[in-house]
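Asks: Take a look at final_21.pdb, PDB, C-alpha atoms, pLDDT in the B column:
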```pdb
ATOM      1  CA  MET A  15      60.326   1.642 -44.558  1.00 63.00           C
ATOM      2  CA  SER A  16      59.865   1.519 -40.786  1.00 85.00           C
ATOM      3  CA  ILE A  17      57.009   0.561 -38.486  1.00 93.00           C
ATOM      4  CA  SER A  18      56.296   4.229 -37.878  1.00 90.00           C
ATOM      5  CA  THR A  19      56.225   4.767 -41.643  1.00 94.00           C
ATOM      6  CA  LEU A  20      53.755   1.923 -42.055  1.00 96.00           C
ATOM      7  CA  TRP A  21      51.589   3.593 -39.445  1.00 97.00           C
ATOM      8  CA  SER A  22      51.857   6.943 -41.214  1.00 96.00           C
ATOM      9  CA  GLN A  23      50.701   5.250 -44.396  1.00 97.00           C
ATOM     10  CA  TYR A  24      47.915   3.065 -43.001  1.00 98.00           C
ATOM     11  CA  GLY A  25      47.100   4.472 -39.570  1.00 97.00           C
ATOM     12  CA  GLU A  26      44.037   6.368 -40.776  1.00 97.00           C
ATOM     13  CA  SER A  27      42.536   3.200 -42.257  1.00 98.00           C
ATOM     14  CA  ILE A  28      43.366   1.191 -39.142  1.00 98.00           C
ATOM     15  CA  THR A  29      41.895   3.687 -36.691  1.00 97.00           C
ATOM     16  CA  SER A  30      38.846   4.784 -38.674  1.00 97.00           C
ATOM     17  CA  ARG A  31      37.898   1.373 -40.132  1.00 97.00           C
ATOM     18  CA  PRO A  32      39.590  -1.209 -37.886  1.00 97.00           C
ATOM     19  CA  GLY A  33      37.486  -4.188 -38.880  1.00 98.00           C
ATOM     20  CA  VAL A  34      37.441  -3.439 -42.588  1.00 98.00           C
ATOM     21  CA  SER A  35      41.141  -2.588 -42.758  1.00 98.00           C
ATOM     22  CA  LEU A  36      42.163  -5.757 -40.920  1.00 98.00           C
ATOM     23  CA  ALA A  37      39.892  -7.877 -43.104  1.00 98.00           C
ATOM     24  CA  ALA A  38      41.461  -6.269 -46.164  1.00 98.00           C
ATOM     25  CA  PHE A  39      44.918  -6.989 -44.778  1.00 98.00           C
ATOM     26  CA  LEU A  40      43.901 -10.637 -44.453  1.00 98.00           C
ATOM     27  CA  GLY A  41      42.839 -10.700 -48.098  1.00 96.00           C
ATOM     28  CA  ASP A  42      39.095 -10.053 -48.017  1.00 97.00           C
ATOM     29  CA  GLU A  43      38.211  -8.541 -51.400  1.00 97.00           C
ATOM     30  CA  ALA A  44      34.993  -6.845 -50.253  1.00 97.00           C
ATOM     31  CA  ALA A  45      36.856  -5.119 -47.438  1.00 97.00           C
ATOM     32  CA  TRP A  46      39.579  -4.100 -49.866  1.00 97.00           C
ATOM     33  CA  GLU A  47      37.008  -2.544 -52.216  1.00 97.00           C
ATOM     34  CA  SER A  48      35.280  -0.778 -49.328  1.00 97.00           C
ATOM     35  CA  LEU A  49      38.486   0.991 -48.332  1.00 98.00           C
ATOM     36  CA  VAL A  50      39.175   1.994 -51.926  1.00 98.00           C
ATOM     37  CA  GLU A  51      35.653   3.413 -52.258  1.00 97.00           C
ATOM     38  CA  ASP A  52      36.218   5.454 -49.108  1.00 96.00           C
ATOM     39  CA  GLY A  53      39.507   6.763 -50.432  1.00 98.00           C
ATOM     40  CA  LEU A  54      41.469   5.045 -47.671  1.00 98.00           C
ATOM     41  CA  PRO A  55      44.796   3.257 -48.207  1.00 98.00           C
ATOM     42  CA  VAL A  56      44.634  -0.522 -48.111  1.00 98.00           C
ATOM     43  CA  PRO A  57      47.082  -2.207 -45.699  1.00 98.00           C
ATOM     44  CA  GLU A  58      48.814  -4.695 -47.972  1.00 96.00           C
ATOM     45  CA  TYR A  59      50.281  -7.875 -46.537  1.00 96.00           C
ATOM     46  CA  ASP A  60      53.216  -7.818 -48.925  1.00 94.00           C
ATOM     47  CA  VAL A  61      54.074  -4.219 -48.027  1.00 96.00           C
ATOM     48  CA  PHE A  62      54.218  -5.119 -44.332  1.00 97.00           C
ATOM     49  CA  ARG A  63      56.445  -8.067 -45.209  1.00 95.00           C
ATOM     50  CA  GLN A  64      59.082  -5.674 -46.530  1.00 93.00           C
ATOM     51  CA  GLU A  65      59.553  -4.095 -43.088  1.00 94.00           C
ATOM     52  CA  GLN A  66      62.646  -5.597 -41.443  1.00 92.00           C
ATOM     53  CA  GLY A  67      61.310  -4.756 -37.994  1.00 93.00           C
ATOM     54  CA  LEU A  68      58.537  -7.295 -38.556  1.00 96.00           C
ATOM     55  CA  ASP A  69      60.865 -10.074 -39.711  1.00 95.00           C
ATOM     56  CA  PRO A  70      60.185 -13.116 -37.484  1.00 96.00           C
ATOM     57  CA  ASN A  71      63.591 -14.587 -38.286  1.00 95.00           C
ATOM     58  CA  PRO A  72      66.130 -11.736 -38.438  1.00 93.00           C
ATOM     59  CA  TYR A  73      69.091 -14.076 -37.870  1.00 94.00           C
ATOM     60  CA  GLY A  74      68.151 -16.501 -40.612  1.00 95.00           C
ATOM     61  CA  LEU A  75      67.783 -19.556 -38.396  1.00 95.00           C
ATOM     62  CA  ASP A  76      66.685 -22.867 -39.882  1.00 96.00           C
ATOM     63  CA  LEU A  77      63.036 -22.700 -38.810  1.00 96.00           C
ATOM     64  CA  PRO A  78      59.851 -23.990 -40.471  1.00 96.00           C
ATOM     65  CA  GLN A  79      58.545 -21.418 -42.934  1.00 97.00           C
ATOM     66  CA  GLU A  80      54.920 -21.978 -41.937  1.00 98.00           C
ATOM     67  CA  MET A  81      55.793 -21.272 -38.317  1.00 98.00           C
ATOM     68  CA  LEU A  82      57.543 -18.058 -39.337  1.00 98.00           C
ATOM     69  CA  GLU A  83      54.504 -17.021 -41.363  1.00 98.00           C
ATOM     70  CA  ASN A  84      52.334 -17.396 -38.271  1.00 99.00           C
ATOM     71  CA  GLN A  85      54.795 -15.407 -36.186  1.00 98.00           C
ATOM     72  CA  PHE A  86      54.725 -12.641 -38.782  1.00 98.00           C
ATOM     73  CA  LEU A  87      50.932 -12.649 -38.948  1.00 99.00           C
ATOM     74  CA  VAL A  88      50.549 -12.352 -35.191  1.00 99.00           C
ATOM     75  CA  ARG A  89      53.078  -9.523 -35.006  1.00 98.00           C
ATOM     76  CA  CYS A  90      51.178  -7.637 -37.675  1.00 98.00           C
ATOM     77  CA  LEU A  91      47.960  -7.930 -35.672  1.00 99.00           C
ATOM     78  CA  ALA A  92      49.557  -5.586 -33.133  1.00 98.00           C
ATOM     79  CA  PHE A  93      48.913  -2.712 -35.520  1.00 98.00           C
ATOM     80  CA  TRP A  94      45.228  -3.163 -34.678  1.00 98.00           C
ATOM     81  CA  GLY A  95      45.769  -3.256 -30.922  1.00 98.00           C
ATOM     82  CA  TRP A  96      45.656  -5.738 -28.079  1.00 98.00           C
ATOM     83  CA  GLN A  97      42.291  -7.313 -28.913  1.00 98.00           C
ATOM     84  CA  PRO A  98      43.306  -9.048 -32.161  1.00 98.00           C
ATOM     85  CA  LEU A  99      46.490 -10.201 -30.447  1.00 99.00           C
ATOM     86  CA  LEU A 100      44.564 -11.785 -27.588  1.00 99.00           C
ATOM     87  CA  LEU A 101      41.995 -13.128 -30.020  1.00 99.00           C
ATOM     88  CA  SER A 102      44.732 -14.941 -31.922  1.00 99.00           C
ATOM     89  CA  ALA A 103      46.051 -16.452 -28.691  1.00 99.00           C
ATOM     90  CA  VAL A 104      42.598 -17.643 -27.652  1.00 99.00           C
ATOM     91  CA  ALA A 105      42.012 -19.103 -31.124  1.00 99.00           C
ATOM     92  CA  SER A 106      45.297 -21.001 -30.846  1.00 99.00           C
ATOM     93  CA  ALA A 107      44.373 -22.211 -27.361  1.00 99.00           C
ATOM     94  CA  ARG A 108      40.979 -23.457 -28.481  1.00 99.00           C
ATOM     95  CA  LEU A 109      42.566 -25.301 -31.376  1.00 99.00           C
ATOM     96  CA  GLN A 110      45.031 -27.015 -29.052  1.00 99.00           C
ATOM     97  CA  VAL A 111      42.253 -28.178 -26.750  1.00 99.00           C
ATOM     98  CA  GLU A 112      40.257 -29.438 -29.734  1.00 98.00           C
ATOM     99  CA  GLN A 113      43.235 -31.364 -31.052  1.00 98.00           C
ATOM    100  CA  ARG A 114      44.378 -32.540 -27.631  1.00 98.00           C
ATOM    101  CA  PRO A 115      41.192 -33.058 -25.586  1.00 97.00           C
ATOM    102  CA  GLU A 116      42.914 -35.354 -23.107  1.00 95.00           C
ATOM    103  CA  CYS A 117      45.437 -33.646 -20.867  1.00 96.00           C
ATOM    104  CA  PRO A 118      47.305 -35.525 -18.127  1.00 95.00           C
ATOM    105  CA  GLU A 119      46.656 -34.734 -14.500  1.00 92.00           C
ATOM    106  CA  PRO A 120      47.391 -32.488 -12.703  1.00 94.00           C
ATOM    107  CA  LEU A 121      47.767 -30.263 -15.766  1.00 98.00           C
ATOM    108  CA  SER A 122      44.218 -30.627 -17.065  1.00 98.00           C
ATOM    109  CA  PRO A 123      42.483 -28.218 -14.638  1.00 98.00           C
ATOM    110  CA  LEU A 124      45.280 -25.677 -15.068  1.00 99.00           C
ATOM    111  CA  ARG A 125      44.892 -25.770 -18.821  1.00 99.00           C
ATOM    112  CA  ALA A 126      41.111 -25.506 -18.614  1.00 99.00           C
ATOM    113  CA  GLU A 127      41.218 -22.516 -16.278  1.00 99.00           C
ATOM    114  CA  ALA A 128      43.860 -20.762 -18.375  1.00 99.00           C
ATOM    115  CA  LEU A 129      41.683 -20.985 -21.483  1.00 99.00           C
ATOM    116  CA  ALA A 130      38.550 -20.006 -19.578  1.00 99.00           C
ATOM    117  CA  ALA A 131      40.281 -17.007 -18.005  1.00 99.00           C
ATOM    118  CA  ALA A 132      41.684 -15.746 -21.305  1.00 99.00           C
ATOM    119  CA  THR A 133      38.302 -16.179 -22.971  1.00 99.00           C
ATOM    120  CA  ALA A 134      36.559 -14.332 -20.151  1.00 99.00           C
ATOM    121  CA  TYR A 135      38.947 -11.395 -20.371  1.00 99.00           C
ATOM    122  CA  LEU A 136      38.547 -11.201 -24.138  1.00 98.00           C
ATOM    123  CA  ALA A 137      34.772 -10.999 -23.691  1.00 98.00           C
ATOM    124  CA  ALA A 138      34.890  -8.576 -20.748  1.00 98.00           C
ATOM    125  CA  PRO A 139      38.277  -6.905 -20.188  1.00 98.00           C
ATOM    126  CA  ASP A 140      37.661  -5.727 -16.641  1.00 98.00           C
ATOM    127  CA  SER A 141      39.855  -5.846 -13.544  1.00 98.00           C
ATOM    128  CA  GLU A 142      38.211  -9.002 -12.208  1.00 99.00           C
ATOM    129  CA  ASN A 143      38.841 -10.985 -15.373  1.00 99.00           C
ATOM    130  CA  GLU A 144      42.338  -9.547 -15.658  1.00 98.00           C
ATOM    131  CA  GLU A 145      43.123 -10.830 -12.185  1.00 99.00           C
ATOM    132  CA  ARG A 146      41.634 -14.204 -13.068  1.00 99.00           C
ATOM    133  CA  ALA A 147      43.896 -14.410 -16.111  1.00 99.00           C
ATOM    134  CA  ARG A 148      46.891 -13.351 -14.052  1.00 99.00           C
ATOM    135  CA  LEU A 149      46.246 -16.055 -11.456  1.00 99.00           C
ATOM    136  CA  ALA A 150      45.695 -18.704 -14.125  1.00 99.00           C
ATOM    137  CA  ALA A 151      48.909 -17.757 -15.895  1.00 99.00           C
ATOM    138  CA  ARG A 152      50.788 -17.739 -12.613  1.00 99.00           C
ATOM    139  CA  ALA A 153      49.504 -21.201 -11.701  1.00 99.00           C
ATOM    140  CA  CYS A 154      50.792 -22.521 -15.023  1.00 99.00           C
ATOM    141  CA  TYR A 155      54.168 -20.886 -14.554  1.00 99.00           C
ATOM    142  CA  ASP A 156      54.486 -22.121 -10.974  1.00 98.00           C
ATOM    143  CA  THR A 157      54.009 -25.655 -12.277  1.00 98.00           C
ATOM    144  CA  TYR A 158      56.651 -25.188 -14.941  1.00 98.00           C
ATOM    145  CA  GLY A 159      59.033 -23.113 -12.834  1.00 97.00           C
ATOM    146  CA  PRO A 160      60.823 -25.933 -10.967  1.00 97.00           C
ATOM    147  CA  PHE A 161      61.956 -27.368 -14.320  1.00 97.00           C
ATOM    148  CA  GLU A 162      62.761 -24.069 -16.051  1.00 96.00           C
ATOM    149  CA  GLU A 163      66.526 -24.478 -15.664  1.00 96.00           C
ATOM    150  CA  ASP A 164      66.372 -27.719 -17.649  1.00 97.00           C
ATOM    151  CA  PRO A 165      63.888 -26.878 -20.419  1.00 96.00           C
ATOM    152  CA  ASP A 166      64.772 -29.942 -22.484  1.00 96.00           C
ATOM    153  CA  SER A 167      63.950 -32.366 -19.688  1.00 98.00           C
ATOM    154  CA  LYS A 168      60.979 -34.682 -20.037  1.00 97.00           C
ATOM    155  CA  GLN A 169      59.040 -32.951 -17.246  1.00 97.00           C
ATOM    156  CA  ALA A 170      59.671 -29.441 -18.558  1.00 98.00           C
ATOM    157  CA  THR A 171      58.779 -30.396 -22.115  1.00 98.00           C
ATOM    158  CA  GLN A 172      55.561 -32.108 -21.064  1.00 98.00           C
ATOM    159  CA  ILE A 173      54.375 -29.164 -18.963  1.00 98.00           C
ATOM    160  CA  TRP A 174      55.330 -26.583 -21.586  1.00 99.00           C
ATOM    161  CA  GLU A 175      53.578 -28.474 -24.372  1.00 99.00           C
ATOM    162  CA  GLU A 176      50.492 -29.673 -22.498  1.00 99.00           C
ATOM    163  CA  LEU A 177      49.704 -26.293 -20.947  1.00 99.00           C
ATOM    164  CA  GLY A 178      50.900 -24.671 -24.149  1.00 99.00           C
ATOM    165  CA  ALA A 179      48.605 -22.272 -25.959  1.00 99.00           C
ATOM    166  CA  PRO A 180      46.011 -22.000 -23.144  1.00 99.00           C
ATOM    167  CA  TRP A 181      48.758 -20.943 -20.719  1.00 99.00           C
ATOM    168  CA  PHE A 182      50.145 -18.465 -23.239  1.00 99.00           C
ATOM    169  CA  ALA A 183      46.653 -17.113 -23.920  1.00 99.00           C
ATOM    170  CA  ALA A 184      46.239 -16.427 -20.205  1.00 99.00           C
ATOM    171  CA  GLU A 185      49.606 -14.677 -20.215  1.00 99.00           C
ATOM    172  CA  SER A 186      48.435 -12.659 -23.220  1.00 99.00           C
ATOM    173  CA  ALA A 187      45.352 -11.566 -21.296  1.00 99.00           C
ATOM    174  CA  ALA A 188      47.275 -10.737 -18.131  1.00 99.00           C
ATOM    175  CA  GLN A 189      50.162  -8.840 -19.718  1.00 98.00           C
ATOM    176  CA  ASP A 190      50.672  -5.101 -19.483  1.00 97.00           C
ATOM    177  CA  VAL A 191      49.285  -3.586 -22.688  1.00 97.00           C
ATOM    178  CA  ALA A 192      49.602   0.041 -21.622  1.00 96.00           C
ATOM    179  CA  LEU A 193      51.778   2.298 -23.747  1.00 96.00           C
ATOM    180  CA  HIS A 194      54.583   3.549 -21.510  1.00 96.00           C
ATOM    181  CA  ASP A 195      57.030   6.434 -21.710  1.00 94.00           C
ATOM    182  CA  TRP A 196      59.813   3.973 -22.444  1.00 94.00           C
ATOM    183  CA  ASP A 197      57.967   2.528 -25.437  1.00 93.00           C
ATOM    184  CA  ALA A 198      58.637   3.870 -28.902  1.00 92.00           C
ATOM    185  CA  LYS A 199      56.320   6.700 -29.893  1.00 91.00           C
ATOM    186  CA  GLY A 200      52.667   5.700 -30.043  1.00 90.00           C
ATOM    187  CA  PRO A 201      49.866   5.099 -30.534  1.00 95.00           C
ATOM    188  CA  GLU A 202      50.137   1.416 -29.753  1.00 96.00           C
ATOM    189  CA  GLY A 203      50.048   0.208 -33.337  1.00 95.00           C
ATOM    190  CA  ALA A 204      52.765   2.657 -34.333  1.00 95.00           C
ATOM    191  CA  SER A 205      55.075   1.731 -31.451  1.00 96.00           C
ATOM    192  CA  SER A 206      57.666  -0.875 -32.397  1.00 96.00           C
ATOM    193  CA  THR A 207      58.438  -1.759 -28.775  1.00 97.00           C
ATOM    194  CA  TRP A 208      54.780  -2.037 -27.801  1.00 98.00           C
ATOM    195  CA  GLY A 209      54.031  -4.267 -30.760  1.00 98.00           C
ATOM    196  CA  ASN A 210      57.065  -6.461 -30.184  1.00 98.00           C
ATOM    197  CA  ARG A 211      56.527  -7.053 -26.478  1.00 98.00           C
ATOM    198  CA  CYS A 212      52.760  -7.507 -26.686  1.00 99.00           C
ATOM    199  CA  SER A 213      53.126 -10.044 -29.514  1.00 99.00           C
ATOM    200  CA  VAL A 214      55.424 -12.438 -27.664  1.00 98.00           C
ATOM    201  CA  TRP A 215      52.802 -14.432 -25.756  1.00 99.00           C
ATOM    202  CA  PRO A 216      50.343 -14.632 -28.670  1.00 99.00           C
ATOM    203  CA  GLN A 217      53.197 -15.829 -30.886  1.00 99.00           C
ATOM    204  CA  ARG A 218      54.033 -18.488 -28.317  1.00 99.00           C
ATOM    205  CA  ALA A 219      50.387 -19.514 -28.286  1.00 99.00           C
ATOM    206  CA  ALA A 220      50.456 -20.029 -32.049  1.00 99.00           C
ATOM    207  CA  GLU A 221      53.637 -22.063 -31.768  1.00 99.00           C
ATOM    208  CA  GLY A 222      52.245 -24.035 -28.828  1.00 99.00           C
ATOM    209  CA  ALA A 223      49.082 -25.010 -30.671  1.00 99.00           C
ATOM    210  CA  ALA A 224      51.185 -26.251 -33.581  1.00 99.00           C
ATOM    211  CA  VAL A 225      52.613 -28.985 -31.346  1.00 98.00           C
ATOM    212  CA  PHE A 226      49.252 -30.736 -31.680  1.00 98.00           C
ATOM    213  CA  ALA A 227      48.050 -29.276 -34.992  1.00 98.00           C
ATOM    214  CA  SER A 228      49.734 -28.154 -38.193  1.00 98.00           C
ATOM    215  CA  HIS A 229      50.993 -24.609 -38.568  1.00 98.00           C
ATOM    216  CA  ALA A 230      48.511 -24.251 -41.413  1.00 98.00           C
ATOM    217  CA  ALA A 231      45.653 -25.241 -39.100  1.00 99.00           C
ATOM    218  CA  VAL A 232      46.816 -22.695 -36.537  1.00 99.00           C
ATOM    219  CA  ARG A 233      46.880 -19.982 -39.166  1.00 99.00           C
ATOM    220  CA  GLU A 234      43.395 -20.927 -40.339  1.00 99.00           C
ATOM    221  CA  ALA A 235      42.084 -20.789 -36.773  1.00 99.00           C
ATOM    222  CA  ILE A 236      43.622 -17.360 -36.209  1.00 99.00           C
ATOM    223  CA  VAL A 237      42.372 -15.932 -39.495  1.00 99.00           C
ATOM    224  CA  THR A 238      38.868 -17.344 -39.001  1.00 98.00           C
ATOM    225  CA  ALA A 239      38.572 -15.901 -35.499  1.00 98.00           C
ATOM    226  CA  THR A 240      40.011 -12.575 -36.616  1.00 98.00           C
ATOM    227  CA  MET A 241      37.610 -12.290 -39.536  1.00 98.00           C
ATOM    228  CA  GLU A 242      34.705 -12.852 -37.155  1.00 96.00           C
ATOM    229  CA  TRP A 243      36.066 -10.028 -34.995  1.00 96.00           C
ATOM    230  CA  CYS A 244      36.343  -7.799 -38.063  1.00 97.00           C
ATOM    231  CA  ARG A 245      32.687  -8.272 -38.949  1.00 92.00           C
ATOM    232  CA  GLY A 246      31.684  -6.761 -35.622  1.00 79.00           C
ATOM    233  CA  ARG A 247      33.592  -3.538 -36.291  1.00 81.00           C
ATOM    234  CA  GLY A 248      33.626  -0.788 -38.861  1.00 65.00           C
TER     235      GLY A 248
END
```
Could you express the structure from this file as structure tokens?

Replies:
Amino acid sequence: MSISTLWSQYGESITSRPGVSLAAFLGDEAAWESLVEDGLPVPEYDVFRQEQGLDPNPYGLDLPQEMLENQFLVRCLAFWGWQPLLLSAVASARLQVEQRPECPEPLSPLRAEALAAATAYLAAPDSENEERARLAARACYDTYGPFEEDPDSKQATQIWEELGAPWFAAESAAQDVALHDWDAKGPEGASSTWGNRCSVWPQRAAEGAAVFASHAAVREAIVTATMEWCRGRG
């Protein structure tokens, strides 16, 4: 099975009933039954897991299983488009700030603006909020940039971790989510390259939040926020 095959199998459910199909994918029984009643295929988590192109650890590295589960979950959200991806990043960012309310200066205002900008773009994805997210993400990177060549240094580690998920949420909001000619065949959810590249920052946000919370808590935050999004859609 390939990503395009998954889309061929579940694309109708995803496009016609985005909220219900995503809720069913996340295990909601009522959503599952609703799709069955409508004669639509149910996107099954375990079926997606069989697709090698979605494997978060293709080289078999010694990585925490819970982290890999979160990486897989976020990548799967790409089938439903950029909004669930950004939503997951914002959920991770909010969790980090909740778990780490104190942030050392001068990183605190950068972190706050990054989260605010990503949240604003999620609520109103217009050019003004996109630019705000881009500037917030750039400010975070410019702070980290001087230490990028030595990522294991104390300064680099502190900046990367403290800005963490809020920075990566701003990057998620600012990134190019257009489907290009050089992407694999669309639509977005069916395109392996689109899904892979647009998942990177949200995946980093999930990993960043887990520095200050458990991977299980990150997953819960993402699922809770996503289920709320699902309820507002068909």

Asks: Which residues match the PyMOL selection byres ((chain A and resi 100) around 9) in the file above, as a list in words?

Replies: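 On the file shown, the PyMOL selection byres ((chain A and resi 100) around 9) covers Trp96, Gln97, Pro98, Leu99, Leu101, Ser102, Ala103, Val104, Ala105, Ala132, Thr133, Leu136, Ala183, Ala184, Ser186, Ala187, Ser213, Trp215 and Pro216 of chain A.
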
Asks: One number please: CA of Asp164 in chain A to CA of Arg218 in chain A, in Å, one decimal.

Replies: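 One can read the CA of Asp164 in chain A to CA of Arg218 in chain A distance as 18.7 Å.
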
Asks: Using only C-alpha atoms, find each residue of range 61-127 of chain A with at least one atom at most 12 Å away from an atom of range 206-209 of chain A; report its shortest atom-to-atom pair and that distance in Å (one decimal), sort the rows by chain and rising residue number, and return the result as JSON lines.

Replies:
```
{"residue": "A:Glu65", "atom": "CA", "partner": "A:Ser206", "partner_atom": "CA", "distance": 11.3}
{"residue": "A:Gln66", "atom": "CA", "partner": "A:Ser206", "partner_atom": "CA", "distance": 11.4}
{"residue": "A:Gly67", "atom": "CA", "partner": "A:Ser206", "partner_atom": "CA", "distance": 7.7}
{"residue": "A:Leu68", "atom": "CA", "partner": "A:Ser206", "partner_atom": "CA", "distance": 8.9}
{"residue": "A:Phe86", "atom": "CA", "partner": "A:Gly209", "partner_atom": "CA", "distance": 11.6}
{"residue": "A:Val88", "atom": "CA", "partner": "A:Gly209", "partner_atom": "CA", "distance": 9.9}
{"residue": "A:Arg89", "atom": "CA", "partner": "A:Gly209", "partner_atom": "CA", "distance": 6.8}
{"residue": "A:Cys90", "atom": "CA", "partner": "A:Gly209", "partner_atom": "CA", "distance": 8.2}
{"residue": "A:Leu91", "atom": "CA", "partner": "A:Gly209", "partner_atom": "CA", "distance": 8.6}
{"residue": "A:Ala92", "atom": "CA", "partner": "A:Gly209", "partner_atom": "CA", "distance": 5.2}
{"residue": "A:Phe93", "atom": "CA", "partner": "A:Gly209", "partner_atom": "CA", "distance": 7.2}
{"residue": "A:Trp94", "atom": "CA", "partner": "A:Gly209", "partner_atom": "CA", "distance": 9.7}
{"residue": "A:Gly95", "atom": "CA", "partner": "A:Gly209", "partner_atom": "CA", "distance": 8.3}
{"residue": "A:Trp96", "atom": "CA", "partner": "A:Gly209", "partner_atom": "CA", "distance": 8.9}
{"residue": "A:Pro98", "atom": "CA", "partner": "A:Gly209", "partner_atom": "CA", "distance": 11.8}
{"residue": "A:Leu99", "atom": "CA", "partner": "A:Gly209", "partner_atom": "CA", "distance": 9.6}
```

Asks: On this structure, the PyMOL selection byres ((chain A and resi 126-131) around 9) would catch which residues? List them as a PyMOL selection string, sorted by chain and number.

Replies: chain A and resi 104+107-108+111+121-125+132-136+143-151+153-154+177+179-185+187

Asks: Output the residue selection produced by the PyMOL selection byres ((chain A and resi 198) around 12) on the file above, formatted as a list in words.

Replies: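 So the PyMOL selection byres ((chain A and resi 198) around 12) ends up selecting Ile17, Ser18, Leu193, His194, Asp195, Trp196, Asp197, Lys199, Gly200, Pro201, Glu202, Gly203, Ala204, Ser205, Ser206, Thr207, Trp208, Gly209, Asn210 and Arg211 of chain A.
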
Asks: Hey, which of A:Ser35, A:Ser16, A:Thr171, A:Gln113 ends up closest to Arg63 in chain A? Count all atoms listed in the file.

Replies: A:Ser16

Asks: Box along x, y and z, 4 Å on every side, all listed atoms of range 214-229 of chain A inside: centre and edge lengths in Å to one decimal, as JSON.

Replies:
```
{"center_x": 51.7, "center_y": -21.6, "center_z": -32.2, "size_x": 15.4, "size_y": 26.3, "size_z": 20.8}
```

Asks: Any idea what the distance is between CA of Phe62 in chain A and CA of Ala224 in chain A?

Replies: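 CA of Ala224 in chain A lies 23.9 Å from CA of Phe62 in chain A.
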
Asks: Just give me the gap between CA of Leu49 in chain A and CA of Trp243 in chain A in Å, one decimal is fine.

Replies: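 About the pair CA of Leu49 in chain A and CA of Trp243 in chain A: they are 17.5 Å apart.
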
Asks: Find the residues around Met241 in chain A up to 12 Å (all atoms listed in the file counted), leave out those fewer than 4 positions away in its own chain, and share them as a VMD selection string.

Replies: chain A and resid 32 to 42 45 91 98 101 to 102 105 234 to 237 245 to 247

Asks: Determine, counting only C-alpha atoms, which protein, DNA and RNA residues have an atom within 12 Å of an atom of Gln172 in chain A; residues of the same chain fewer than 2 positions away are not included. Present the result as a ChimeraX atom specification.

Replies: /A:117-121,157-158,161-162,165-170,174-178,222,225

Asks: Tell me which of A:Gln85, A:Ala239, A:Ala44, A:Asp156 sits closest to Val214 in chain A, counting only C-alpha atoms.

Replies: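 Closest candidate: A:Gln85.
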
Asks: Out of A:Leu109, A:Ala138, A:Ile173, A:Ala188, which residue has the shortest atom-to-atom distance to Ala220 in chain A when counting all atoms listed in the file?

Replies: A:Leu109

Asks: Since the input lacks atoms, please generate N, CA and C atoms for range 25-37 of chain A and provide them as a compact mmCIF listing (two decimals), in the frame of the given file.

Replies:
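After the write, result_17.txt holds the following:
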```txt
# COMPACT_ATOMS: atom_id res chain seq x y z
N GLY A 25 47.72 4.21 -40.87
CA GLY A 25 47.10 4.47 -39.57
C GLY A 25 45.68 4.98 -39.66
N GLU A 26 45.40 5.84 -40.63
CA GLU A 26 44.04 6.37 -40.78
C GLU A 26 43.05 5.25 -41.06
N SER A 27 43.41 4.34 -41.95
CA SER A 27 42.54 3.20 -42.26
C SER A 27 42.34 2.32 -41.03
N ILE A 28 43.42 2.08 -40.30
CA ILE A 28 43.37 1.19 -39.14
C ILE A 28 42.51 1.78 -38.04
N THR A 29 42.63 3.07 -37.79
CA THR A 29 41.90 3.69 -36.69
C THR A 29 40.45 4.00 -37.06
N SER A 30 40.20 4.41 -38.29
CA SER A 30 38.85 4.78 -38.67
C SER A 30 38.00 3.60 -39.11
N ARG A 31 38.62 2.58 -39.67
CA ARG A 31 37.90 1.37 -40.13
C ARG A 31 38.67 0.13 -39.68
N PRO A 32 38.74 -0.11 -38.37
CA PRO A 32 39.59 -1.21 -37.89
C PRO A 32 39.20 -2.58 -38.43
N GLY A 33 37.91 -2.88 -38.41
CA GLY A 33 37.49 -4.19 -38.88
C GLY A 33 37.69 -4.37 -40.37
N VAL A 34 37.32 -3.36 -41.13
CA VAL A 34 37.44 -3.44 -42.59
C VAL A 34 38.91 -3.47 -43.00
N SER A 35 39.73 -2.63 -42.37
CA SER A 35 41.14 -2.59 -42.76
C SER A 35 41.86 -3.89 -42.42
N LEU A 36 41.52 -4.49 -41.28
CA LEU A 36 42.16 -5.76 -40.92
C LEU A 36 41.69 -6.87 -41.83
N ALA A 37 40.40 -6.87 -42.17
CA ALA A 37 39.89 -7.88 -43.10
C ALA A 37 40.57 -7.73 -44.46
```
